[in-house]
Amino acid sequence: MQSSIYERIGGGPSVSAAVDLFYQKVWTDPALAGYFDDVDRNRLKAHQRAFLSAALGASERYEGRGMREAHAGLGVTDAAFDKVVTHLAATLAELGVDEATIGEIAGALAPLKADIVQPAPAPLTEARGLRRLLRMPRLKRPA
Ligand code: HEM
């Protein structure tokens, strides 16, 4: 039987190292940092380890939220998604994963784009409407 990508790159310890280095890059990227302001970062790392392990063929189960639900309301743009995947590819290269395997991993994650990239959250639109309302001219006092 062919071994999974997870086994080929060195299993759990490799995924842990990759997730640490990956978020180091993502959280210090000025174009991305804002997305993670209000996030419990340790919890996110733990979920990302489990998710990536499962996505790469480990027998470990991922019990976090699905990708559509986890990213709902974040307003992740197409460009932000591509940047995150670039950081992941650079991380794997730094850890010695070969180019063909990185290509396979990026290919396995690419279809998630449709679930992760979602329009800006509705409350923003509502807030804009509210601001417009508040800028309405003052009502004249009755004489
Ligand atoms: C291939 C790309 C991606 C994968 C595999 C991925 C995976 C994950 C996973 C597994 C979680 C945890 C879900 C949970 O806690 O139940 C998560 C949460 C999160 N992701 Fe992603 N993600 C990706 C792309 C992105 C991008 C591009 C951004 C923003 C630029 C982003 C921002 C976030 C944030 C802010 C959370 C935390 C949400 C919260 O706790 O409320 N992710 N992601």
# chains A, B, ... in the order shown; residues from 1 in each chain; ligands from 1
$ closest_atom_pairs --of "segment 42-61 of chain A" --to "segment 21-37 of chain A" --cutoff "10 Å" --atoms "only C-alpha atoms" --output "CSV"
residue,atom,partner,partner_atom,distance
A:Leu44,CA,A:Tyr23,CA,9.6
A:Lys45,CA,A:Tyr23,CA,7.9
A:Gln48,CA,A:Tyr23,CA,9.8
$ residues_around --residues "Val85 of chain A" --least-positions-apart "6" --cutoff "9 Å" --atoms "only C-alpha atoms" --output "number ranges by chain"
A: 106, 109-110
$ closest_residue --among "A:Glu60, A:Glu69, A:Glu94, A:Asp20" --to "ligand 1" --atoms "only C-alpha atoms and all ligand atoms"
A:Glu69
$ residues_near_ligand --ligand "ligand 1" --cutoff "9 Å" --atoms "only C-alpha atoms and all ligand atoms" --output "VMD selection string"
chain A and resid 26 31 to 41 43 to 52 55 62 to 67 69 to 85 88 106 108 to 113 116 to 117
$ closest_residue --among "A:Ala114, A:Val19, A:Ala89, A:Val97" --to "Ser53 of chain A" --atoms "only C-alpha atoms"
A:Val19
$ atom_distance --atom1 "atom CA of Ile102 of chain A" --atom2 "atom CA of Ile9 of chain A"
10.1 Å
$ atom_distance --atom1 "atom CA of Ala90 of chain A" --atom2 "atom CA of Leu56 of chain A"
17.0 Å
$ atom_distance --atom1 "atom CA of Thr91 of chain A" --atom2 "atom CA of Gln2 of chain A"
24.5 Å
$ select_by_dssp --residues "segment 17-119 of chain A" --states "helix (DSSP H, G or I)" --output "ChimeraX atom specification"
/A:17-27,33-36,41-55,67-70,78-94,99-116
$ write_last_selection --atoms "C-alpha atoms" --output "short mmCIF file (atom, residue, chain, number, x, y, z; two decimals), in the first residue's frame"
data_model
loop_
_atom_site.label_atom_id
_atom_site.label_comp_id
_atom_site.auth_asym_id
_atom_site.auth_seq_id
_atom_site.Cartn_x
_atom_site.Cartn_y
_atom_site.Cartn_z
CA ALA A 17 6.59 21.91 13.47
CA ALA A 18 4.90 22.96 10.24
CA VAL A 19 1.87 24.47 12.02
CA ASP A 20 4.11 26.46 14.42
CA LEU A 21 6.25 27.88 11.62
CA PHE A 22 3.21 28.45 9.39
CA TYR A 23 1.39 30.62 11.95
CA GLN A 24 4.61 32.45 12.75
CA LYS A 25 4.56 33.57 9.12
CA VAL A 26 0.82 34.20 8.90
CA TRP A 27 0.55 36.17 12.15
CA ALA A 33 -2.65 39.70 10.95
CA GLY A 34 -5.98 41.53 11.30
CA TYR A 35 -7.96 38.40 10.58
CA PHE A 36 -6.61 36.75 13.75
CA ARG A 41 -4.41 31.13 18.90
CA ASN A 42 -3.55 27.98 20.86
CA ARG A 43 -6.92 26.48 20.08
CA LEU A 44 -6.54 27.42 16.41
CA LYS A 45 -3.12 25.74 16.24
CA ALA A 46 -4.51 22.57 17.81
CA HIS A 47 -7.39 22.47 15.31
CA GLN A 48 -5.05 23.20 12.42
CA ARG A 49 -2.76 20.32 13.47
CA ALA A 50 -5.72 17.95 13.54
CA PHE A 51 -7.17 19.28 10.29
CA LEU A 52 -3.91 19.12 8.33
CA SER A 53 -3.11 15.67 9.68
CA ALA A 54 -6.48 14.34 8.54
CA ALA A 55 -6.21 16.17 5.19
CA MET A 67 -14.23 25.08 6.65
CA ARG A 68 -17.32 27.04 5.55
CA GLU A 69 -18.56 27.45 9.11
CA ALA A 70 -15.11 28.19 10.63
CA ASP A 78 -9.08 35.60 -2.65
CA ALA A 79 -5.69 37.30 -2.20
CA ALA A 80 -5.57 36.43 1.52
CA PHE A 81 -6.28 32.79 0.72
CA ASP A 82 -3.47 32.68 -1.83
CA LYS A 83 -1.08 34.31 0.66
CA VAL A 84 -1.90 31.73 3.31
CA VAL A 85 -1.26 28.88 0.88
CA THR A 86 2.03 30.54 -0.13
CA HIS A 87 3.08 30.71 3.55
CA LEU A 88 2.22 27.04 3.95
CA ALA A 89 4.24 26.05 0.88
CA ALA A 90 7.24 28.12 2.10
CA THR A 91 6.94 26.50 5.54
CA LEU A 92 6.98 22.99 4.10
CA ALA A 93 9.95 23.84 1.86
CA GLU A 94 11.87 25.19 4.87
CA GLU A 99 8.57 20.17 -4.20
CA ALA A 100 6.39 17.42 -5.64
CA THR A 101 4.88 16.71 -2.22
CA ILE A 102 4.29 20.43 -1.59
CA GLY A 103 2.47 20.54 -4.94
CA GLU A 104 0.32 17.60 -3.86
CA ILE A 105 -0.53 19.28 -0.54
CA ALA A 106 -1.37 22.61 -2.19
CA GLY A 107 -3.51 20.69 -4.68
CA ALA A 108 -5.35 18.94 -1.87
CA LEU A 109 -6.12 22.28 -0.16
CA ALA A 110 -7.04 24.30 -3.27
CA PRO A 111 -10.66 23.07 -3.44
CA LEU A 112 -11.23 24.51 0.07
CA LYS A 113 -10.99 28.00 -1.38
CA ALA A 114 -14.66 27.94 -2.35
CA ASP A 115 -15.64 27.43 1.31
CA ILE A 116 -13.06 29.72 2.94
#
